[in-house]
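Coordinates from coords-v8.tsv are shown below (TSV, C-alpha atoms).
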```
chain	number	residue	atom	x	y	z
A	274	MET	CA	-53.64	20.87	-76.36
A	275	SER	CA	-54.61	18.09	-78.80
A	276	ARG	CA	-53.75	14.48	-78.15
A	277	ARG	CA	-51.39	14.46	-81.16
A	278	SER	CA	-49.45	17.52	-79.96
A	279	GLY	CA	-49.29	16.07	-76.45
A	280	ILE	CA	-47.68	12.90	-77.78
A	281	LEU	CA	-45.18	14.95	-79.77
A	282	GLU	CA	-44.23	17.06	-76.75
A	283	PHE	CA	-43.76	13.89	-74.69
A	284	ALA	CA	-41.50	12.34	-77.35
A	285	VAL	CA	-39.42	15.51	-77.78
A	286	LEU	CA	-38.83	15.81	-74.04
A	287	GLY	CA	-37.88	12.13	-73.88
A	288	LEU	CA	-35.35	12.39	-76.69
A	289	LEU	CA	-33.80	15.55	-75.28
A	290	ARG	CA	-33.47	13.85	-71.90
A	291	GLU	CA	-30.91	11.62	-73.63
A	292	ALA	CA	-28.91	14.51	-75.14
A	293	PRO	CA	-29.30	18.08	-76.52
A	294	MET	CA	-30.12	18.15	-80.23
A	295	HIS	CA	-30.66	20.40	-83.22
A	296	GLY	CA	-34.15	20.51	-84.67
A	297	TYR	CA	-33.11	18.41	-87.67
A	298	GLU	CA	-31.63	15.76	-85.36
A	299	LEU	CA	-34.87	15.63	-83.40
A	300	ARG	CA	-36.92	15.24	-86.56
A	301	LYS	CA	-34.67	12.43	-87.77
A	302	ARG	CA	-34.93	10.57	-84.44
A	303	LEU	CA	-38.69	11.01	-84.34
A	304	ASN	CA	-39.00	9.64	-87.89
A	305	THR	CA	-36.64	6.70	-87.50
A	306	SER	CA	-36.95	5.67	-83.85
A	307	LEU	CA	-40.62	6.41	-83.17
A	308	GLY	CA	-42.79	5.02	-85.95
A	309	VAL	CA	-45.79	7.03	-84.83
A	310	PHE	CA	-44.04	10.12	-86.26
A	311	ARG	CA	-43.07	8.64	-89.63
A	312	ALA	CA	-44.77	11.44	-91.52
A	313	PHE	CA	-44.64	14.90	-89.99
A	314	SER	CA	-42.96	18.15	-90.97
A	315	TYR	CA	-40.75	20.86	-89.54
A	316	GLY	CA	-43.90	22.96	-89.55
A	317	THR	CA	-45.25	20.63	-86.86
A	318	LEU	CA	-42.04	20.25	-84.85
A	319	TYR	CA	-40.92	23.86	-84.48
A	320	PRO	CA	-44.16	25.22	-82.95
A	321	CYS	CA	-43.89	22.37	-80.46
A	322	LEU	CA	-40.30	23.33	-79.62
A	323	LYS	CA	-41.27	26.99	-79.20
A	324	THR	CA	-44.07	25.99	-76.83
A	325	LEU	CA	-41.71	23.87	-74.73
A	326	VAL	CA	-39.23	26.75	-74.57
A	327	ALA	CA	-41.99	29.17	-73.53
A	328	ASN	CA	-43.03	26.76	-70.77
A	329	GLY	CA	-39.47	26.69	-69.44
A	330	TRP	CA	-38.96	23.02	-70.23
A	331	LEU	CA	-36.33	23.63	-72.94
A	332	ILE	CA	-33.70	26.25	-73.57
A	333	GLU	CA	-32.17	27.28	-76.87
A	334	GLU	CA	-28.38	27.38	-77.17
A	335	PRO	CA	-26.04	28.19	-80.08
A	336	GLY	CA	-24.59	25.11	-81.73
A	337	SER	CA	-20.90	24.50	-82.25
A	338	ALA	CA	-19.23	25.11	-85.60
A	339	LEU	CA	-18.96	21.36	-86.19
A	340	GLU	CA	-22.64	20.84	-85.43
A	341	ASP	CA	-23.60	23.71	-87.73
A	342	ALA	CA	-21.52	22.21	-90.55
A	343	LEU	CA	-23.26	18.86	-90.04
A	344	ALA	CA	-26.64	20.55	-90.02
A	345	ALA	CA	-25.83	22.34	-93.26
A	346	SER	CA	-24.85	19.09	-94.97
A	347	LEU	CA	-27.87	17.11	-93.74
A	348	ALA	CA	-30.62	19.70	-93.73
A	349	GLY	CA	-29.40	21.99	-96.49
A	350	ARG	CA	-29.18	24.99	-94.20
A	351	ARG	CA	-27.40	26.12	-91.08
A	352	ALA	CA	-29.15	25.03	-87.91
A	353	LYS	CA	-27.60	27.20	-85.20
A	354	ILE	CA	-29.96	26.38	-82.36
A	355	VAL	CA	-29.50	23.41	-80.03
A	356	TYR	CA	-32.36	22.47	-77.73
A	357	ARG	CA	-31.51	21.38	-74.21
A	358	LEU	CA	-33.80	20.01	-71.50
A	359	THR	CA	-34.03	22.17	-68.38
A	360	PRO	CA	-34.34	20.75	-64.84
A	361	ALA	CA	-38.01	21.76	-64.94
A	362	GLY	CA	-38.36	19.96	-68.27
A	363	LYS	CA	-36.82	16.82	-66.82
A	364	ASP	CA	-39.21	16.94	-63.87
A	365	HIS	CA	-42.14	17.44	-66.23
A	366	PHE	CA	-41.10	14.51	-68.41
A	367	GLU	CA	-40.73	12.25	-65.38
A	368	GLU	CA	-44.20	13.29	-64.28
A	369	LEU	CA	-45.54	12.37	-67.72
A	370	LEU	CA	-43.75	9.02	-67.52
A	371	SER	CA	-45.69	8.20	-64.36
A	372	HIS	CA	-49.09	8.64	-66.02
A	373	THR	CA	-50.96	5.38	-66.62
A	374	GLY	CA	-54.42	6.58	-67.64
A	375	PRO	CA	-56.41	5.44	-70.70
A	376	ASP	CA	-54.56	7.81	-73.05
A	377	SER	CA	-51.38	5.80	-72.50
A	378	TRP	CA	-53.12	2.68	-73.84
A	379	GLU	CA	-54.27	4.19	-77.13
A	380	ASP	CA	-52.53	3.29	-80.38
A	381	GLU	CA	-50.33	6.34	-80.99
A	382	HIS	CA	-49.65	7.23	-77.37
A	383	PHE	CA	-48.80	3.63	-76.47
A	384	ALA	CA	-46.16	3.49	-79.20
A	385	ALA	CA	-44.52	6.65	-77.84
A	386	ARG	CA	-44.77	5.44	-74.24
A	387	PHE	CA	-43.27	2.07	-75.13
A	388	ALA	CA	-40.31	3.76	-76.83
A	389	PHE	CA	-39.34	5.23	-73.44
A	390	PHE	CA	-39.98	2.19	-71.28
A	391	GLY	CA	-36.25	2.04	-70.56
A	392	GLN	CA	-36.70	5.25	-68.55
A	393	THR	CA	-39.96	4.15	-66.92
A	394	GLU	CA	-40.40	2.48	-63.53
A	395	ARG	CA	-41.44	-1.17	-63.54
A	396	GLU	CA	-44.81	-0.70	-61.85
A	397	VAL	CA	-45.74	2.01	-64.34
A	398	ARG	CA	-44.67	-0.21	-67.24
A	399	MET	CA	-46.86	-2.99	-65.86
A	400	ARG	CA	-49.92	-0.76	-65.57
A	401	VAL	CA	-49.49	0.58	-69.09
A	402	LEU	CA	-48.98	-2.89	-70.57
A	403	GLU	CA	-51.95	-4.33	-68.71
A	404	GLY	CA	-54.12	-1.38	-69.72
A	405	ARG	CA	-53.08	-1.78	-73.35
A	406	ARG	CA	-53.85	-5.50	-73.23
A	407	SER	CA	-57.26	-4.84	-71.72
A	408	ARG	CA	-58.04	-2.28	-74.41
A	409	LEU	CA	-57.04	-4.69	-77.21
A	410	GLU	CA	-59.00	-7.56	-75.67
A	411	GLU	CA	-62.09	-5.33	-75.69
A	412	ARG	CA	-61.38	-4.43	-79.33
A	413	LEU	CA	-60.93	-8.09	-80.23
A	414	GLU	CA	-64.21	-9.06	-78.61
A	415	LYS	CA	-66.07	-6.39	-80.60
A	416	MET	CA	-64.37	-7.50	-83.83
A	417	ARG	CA	-65.38	-11.12	-83.26
A	418	ALA	CA	-68.97	-10.14	-82.48
A	419	SER	CA	-69.16	-7.97	-85.57
A	420	LEU	CA	-67.73	-10.72	-87.76
A	421	ALA	CA	-70.21	-13.24	-86.39
A	422	ARG	CA	-73.11	-10.92	-87.24
A	423	THR	CA	-71.97	-10.00	-90.73
A	424	ARG	CA	-70.05	-13.07	-91.95
A	425	GLU	CA	-72.76	-14.29	-94.33
A	426	ARG	CA	-73.13	-10.85	-95.93
A	427	LEU	CA	-69.42	-10.36	-96.66
A	428	ASP	CA	-67.63	-11.34	-99.84
A	429	ASP	CA	-64.48	-13.43	-99.61
A	430	TYR	CA	-62.07	-10.48	-99.80
A	431	THR	CA	-63.81	-8.39	-97.17
A	432	LEU	CA	-64.04	-11.44	-94.93
A	433	GLU	CA	-60.31	-12.06	-95.34
A	434	LEU	CA	-59.57	-8.43	-94.48
A	435	GLN	CA	-61.64	-8.77	-91.31
A	436	ARG	CA	-59.74	-11.93	-90.36
A	437	HIS	CA	-56.42	-10.24	-91.02
A	438	GLY	CA	-57.35	-7.40	-88.69
A	439	MET	CA	-58.34	-9.85	-85.96
A	440	GLU	CA	-55.12	-11.82	-86.35
A	441	SER	CA	-53.10	-8.60	-86.02
A	442	VAL	CA	-54.81	-7.73	-82.75
A	443	GLU	CA	-54.45	-11.30	-81.48
A	444	ARG	CA	-50.73	-11.17	-82.29
A	445	GLU	CA	-50.26	-7.97	-80.30
A	446	VAL	CA	-52.18	-9.43	-77.35
A	447	ARG	CA	-49.81	-12.44	-77.34
A	448	TRP	CA	-46.84	-10.08	-77.48
A	449	LEU	CA	-48.20	-8.07	-74.56
A	450	ASN	CA	-48.74	-11.28	-72.59
A	451	GLU	CA	-45.06	-12.14	-73.07
A	452	LEU	CA	-43.94	-8.69	-71.96
A	453	ILE	CA	-46.16	-8.76	-68.88
A	454	GLU	CA	-44.95	-12.22	-67.87
A	455	SER	CA	-41.33	-11.12	-68.34
A	456	GLU	CA	-41.91	-8.03	-66.17
A	457	ARG	CA	-43.46	-10.21	-63.47
A	458	ALA	CA	-40.64	-12.74	-63.66
A	459	GLY	CA	-38.04	-9.98	-63.32
A	460	ARG	CA	-39.84	-8.53	-60.31
A	461	ASP	CA	-40.07	-11.94	-58.63
A	462	GLN	CA	-36.39	-12.56	-59.32
A	463	ARG	CA	-35.43	-9.26	-57.68
A	464	SER	CA	-37.52	-10.07	-54.62
A	465	GLY	CA	-36.04	-13.56	-54.13
A	466	PRO	CA	-33.75	-13.66	-51.06
A	467	ASP	CA	-31.19	-16.02	-52.59
A	468	THR	CA	-31.13	-14.62	-56.12
A	469	PRO	CA	-28.33	-12.24	-57.23
A	470	ALA	CA	-29.66	-8.90	-58.43
A	471	PRO	CA	-29.73	-8.73	-62.25
A	472	HIS	CA	-28.47	-5.81	-64.30
A	473	ASP	CA	-30.51	-2.64	-63.84
A	474	ASN	CA	-31.61	-0.26	-66.58
A	475	ASP	CA	-31.64	3.53	-66.56
A	476	SER	CA	-34.82	3.70	-64.49
A	477	GLY	CA	-33.27	1.71	-61.66
A	478	GLU	CA	-35.54	-1.24	-62.43
A	479	THR	CA	-34.76	-4.55	-64.08
A	480	GLY	CA	-35.56	-4.64	-67.77
A	481	GLY	CA	-38.56	-6.77	-68.70
A	482	LEU	CA	-38.10	-7.56	-72.40
A	483	PRO	CA	-38.47	-11.25	-73.24
A	484	ARG	CA	-35.74	-12.98	-75.23
A	485	HIS	CA	-37.16	-14.04	-78.59
A	486	GLY	CA	-34.14	-15.30	-80.47
A	487	GLY	CA	-35.00	-14.91	-84.12
A	488	SER	CA	-38.73	-14.22	-83.73
A	489	THR	CA	-40.27	-10.90	-84.68
A	490	ARG	CA	-42.22	-8.72	-82.25
A	491	PRO	CA	-45.05	-6.52	-83.57
A	492	ASP	CA	-44.24	-2.85	-83.96
A	493	PRO	CA	-46.51	-0.96	-81.48
A	494	SER	CA	-46.73	1.85	-84.03
A	495	ASP	CA	-47.74	-0.44	-86.91
A	496	ASP	CA	-51.30	0.34	-87.94
A	497	THR	CA	-51.88	-3.28	-88.91
A	498	ALA	CA	-51.42	-4.28	-85.29
A	499	LYS	CA	-54.19	-2.07	-84.02
```

Any chance you could give the structure as structure tokens?
Amino acid sequence: MSRRSGILEFAVLGLLREAPMHGYELRKRLNTSLGVFRAFSYGTLYPCLKTLVANGWLIEEPGSALEDALAASLAGRRAKIVYRLTPAGKDHFEELLSHTGPDSWEDEHFAARFAFFGQTEREVRMRVLEGRRSRLEERLEKMRASLARTRERLDDYTLELQRHGMESVEREVRWLNELIESERAGRDQRSGPDTPAPHDNDSGETGGLPRHGGSTRPDPSDDTAK
């Protein structure tokens, strides 16, 4: 299985953990909610769904008349099949959520993993965030070294492009630092003996997102931030 198809299977299982969906609904959610899948076709999605069904992680069910009418209006054809996560599929997805290896730090996979952090345990979130930060710090060091070696040979526009790339990586590192500190602060707050327990998220762990007010966080799926 290729890395790209593995990410797609992970995302499909995660979305169907929230609710059963038609294929067209899945494609819409993948396009709009997960930027890493902004450009992919039904020809990519449906083989993935068939594989997940064959593995016993999804089942196909007939849709309701109302759902079929909605599918006809949005997709231009009747979509009679609804995909539902099986208990085995839920177990498999939760197993995938627990993985914290190098693949989870890479650009595309990190974006998909981050989209499901609300369903991920705190310690796993921390390991993924710290791994991602480490990977970007290594990338930033190489970019700086390369720029130092080639600066005098670059024209102004190429030099500016190099600087822009470095600034994008630096911005994501700062964002990751904020997330990691927020996760740590939430964990310390939960462990304090005199501190009321804050609101829990779906994973049973306190959410770790920092409060930014009006500031903008980088999109983990944005190529300019890689």

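The coordinates place atom CA of Phe366 of chain A at 17.9 Å from atom CA of Arg400 of chain A.
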
Which centre and edge lengths in Å to one decimal define the box along x, y and z that fits every listed atom of segment 409-421 of chain A plus 4 Å per side, as JSON?
```
{"center_x": -63.6, "center_y": -8.8, "center_z": -81.7, "size_x": 21.2, "size_y": 16.8, "size_z": 20.1}
```

**Prompt:** So which residues fall inside 12 Å of (-61.4, -10.5, -88.8) if we count only C-alpha atoms? Mind giving them as a VMD selection string?
**Reply:** chain A and resid 412 to 424 427 429 to 443 497

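Taking atom CA of Arg290 of chain A and atom CA of Thr373 of chain A as the two end points, the separation is 20.1 Å.
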
**Request:** Please measure the separation of atom CA of Ser371 of chain A and atom CA of Val401 of chain A, giving the value in Å to one decimal.
**Result:** 9.7 Å

Please reconstruct the missing atoms of segment 392-403 of chain A (target: all heavy atoms) and return them as a compact mmCIF listing (two decimals), in the coordinates of the input.
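This is the output file out-v5.txt:
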```txt
# COMPACT_ATOMS: atom_id res chain seq x y z
N GLN A 392 -36.79 4.18 -69.54
CA GLN A 392 -36.70 5.25 -68.55
C GLN A 392 -37.88 5.23 -67.58
O GLN A 392 -38.03 6.14 -66.77
CB GLN A 392 -36.65 6.61 -69.25
CG GLN A 392 -35.53 6.76 -70.26
CD GLN A 392 -35.54 8.10 -70.95
OE1 GLN A 392 -35.76 9.14 -70.32
NE2 GLN A 392 -35.30 8.12 -72.24
N THR A 393 -38.72 4.21 -67.68
CA THR A 393 -39.96 4.15 -66.92
C THR A 393 -39.86 3.11 -65.81
O THR A 393 -39.29 2.03 -66.00
CB THR A 393 -41.13 3.78 -67.86
OG1 THR A 393 -41.18 4.69 -68.95
CG2 THR A 393 -42.46 3.81 -67.14
N GLU A 394 -40.43 3.41 -64.64
CA GLU A 394 -40.40 2.48 -63.53
C GLU A 394 -41.23 1.23 -63.83
O GLU A 394 -42.22 1.28 -64.56
CB GLU A 394 -40.94 3.15 -62.27
CG GLU A 394 -40.05 4.27 -61.74
CD GLU A 394 -40.59 4.87 -60.45
OE1 GLU A 394 -41.69 4.45 -60.03
OE2 GLU A 394 -39.92 5.75 -59.90
N ARG A 395 -40.81 0.12 -63.25
CA ARG A 395 -41.44 -1.17 -63.54
C ARG A 395 -42.94 -1.15 -63.29
O ARG A 395 -43.73 -1.63 -64.12
CB ARG A 395 -40.81 -2.27 -62.69
CG ARG A 395 -41.51 -3.61 -62.85
CD ARG A 395 -40.95 -4.65 -61.90
NE ARG A 395 -39.54 -4.85 -62.15
CZ ARG A 395 -39.05 -5.60 -63.15
NH1 ARG A 395 -39.89 -6.19 -63.98
NH2 ARG A 395 -37.77 -5.74 -63.32
N GLU A 396 -43.39 -0.65 -62.15
CA GLU A 396 -44.81 -0.70 -61.85
C GLU A 396 -45.62 0.11 -62.85
O GLU A 396 -46.75 -0.25 -63.18
CB GLU A 396 -45.05 -0.20 -60.42
CG GLU A 396 -44.47 -1.11 -59.34
CD GLU A 396 -44.97 -2.55 -59.48
OE1 GLU A 396 -46.17 -2.74 -59.75
OE2 GLU A 396 -44.16 -3.48 -59.31
N VAL A 397 -45.05 1.21 -63.32
CA VAL A 397 -45.74 2.01 -64.34
C VAL A 397 -45.79 1.24 -65.65
O VAL A 397 -46.83 1.20 -66.34
CB VAL A 397 -45.04 3.36 -64.53
CG1 VAL A 397 -45.66 4.15 -65.69
CG2 VAL A 397 -45.11 4.19 -63.25
N ARG A 398 -44.68 0.61 -66.02
CA ARG A 398 -44.67 -0.21 -67.24
C ARG A 398 -45.76 -1.28 -67.18
O ARG A 398 -46.49 -1.51 -68.14
CB ARG A 398 -43.31 -0.89 -67.44
CG ARG A 398 -42.16 0.05 -67.71
CD ARG A 398 -40.96 -0.69 -68.30
NE ARG A 398 -40.45 -1.75 -67.47
CZ ARG A 398 -39.39 -1.64 -66.66
NH1 ARG A 398 -38.76 -0.47 -66.53
NH2 ARG A 398 -38.97 -2.67 -65.96
N MET A 399 -45.87 -1.93 -66.02
CA MET A 399 -46.86 -2.99 -65.86
C MET A 399 -48.27 -2.45 -66.05
O MET A 399 -49.09 -3.07 -66.74
CB MET A 399 -46.71 -3.62 -64.47
CG MET A 399 -45.54 -4.57 -64.35
SD MET A 399 -45.82 -6.13 -65.22
CE MET A 399 -47.10 -6.86 -64.20
N ARG A 400 -48.56 -1.30 -65.45
CA ARG A 400 -49.92 -0.76 -65.57
C ARG A 400 -50.24 -0.36 -67.01
O ARG A 400 -51.37 -0.57 -67.48
CB ARG A 400 -50.09 0.43 -64.62
CG ARG A 400 -50.15 0.04 -63.15
CD ARG A 400 -50.68 1.16 -62.30
NE ARG A 400 -49.78 2.29 -62.22
CZ ARG A 400 -48.80 2.42 -61.33
NH1 ARG A 400 -48.59 1.47 -60.42
NH2 ARG A 400 -48.03 3.49 -61.32
N VAL A 401 -49.26 0.20 -67.70
CA VAL A 401 -49.49 0.58 -69.09
C VAL A 401 -49.69 -0.66 -69.96
O VAL A 401 -50.60 -0.71 -70.79
CB VAL A 401 -48.33 1.44 -69.62
CG1 VAL A 401 -48.48 1.69 -71.12
CG2 VAL A 401 -48.26 2.77 -68.88
N LEU A 402 -48.85 -1.67 -69.78
CA LEU A 402 -48.98 -2.89 -70.57
C LEU A 402 -50.31 -3.59 -70.30
O LEU A 402 -50.98 -4.06 -71.23
CB LEU A 402 -47.82 -3.84 -70.25
CG LEU A 402 -46.43 -3.43 -70.74
CD1 LEU A 402 -45.37 -4.36 -70.17
CD2 LEU A 402 -46.37 -3.42 -72.26
N GLU A 403 -50.69 -3.67 -69.04
CA GLU A 403 -51.95 -4.33 -68.71
C GLU A 403 -53.14 -3.53 -69.23
O GLU A 403 -54.14 -4.11 -69.68
CB GLU A 403 -52.04 -4.54 -67.20
CG GLU A 403 -51.08 -5.61 -66.70
CD GLU A 403 -51.02 -5.70 -65.19
OE1 GLU A 403 -51.46 -4.73 -64.51
OE2 GLU A 403 -50.54 -6.72 -64.66
```
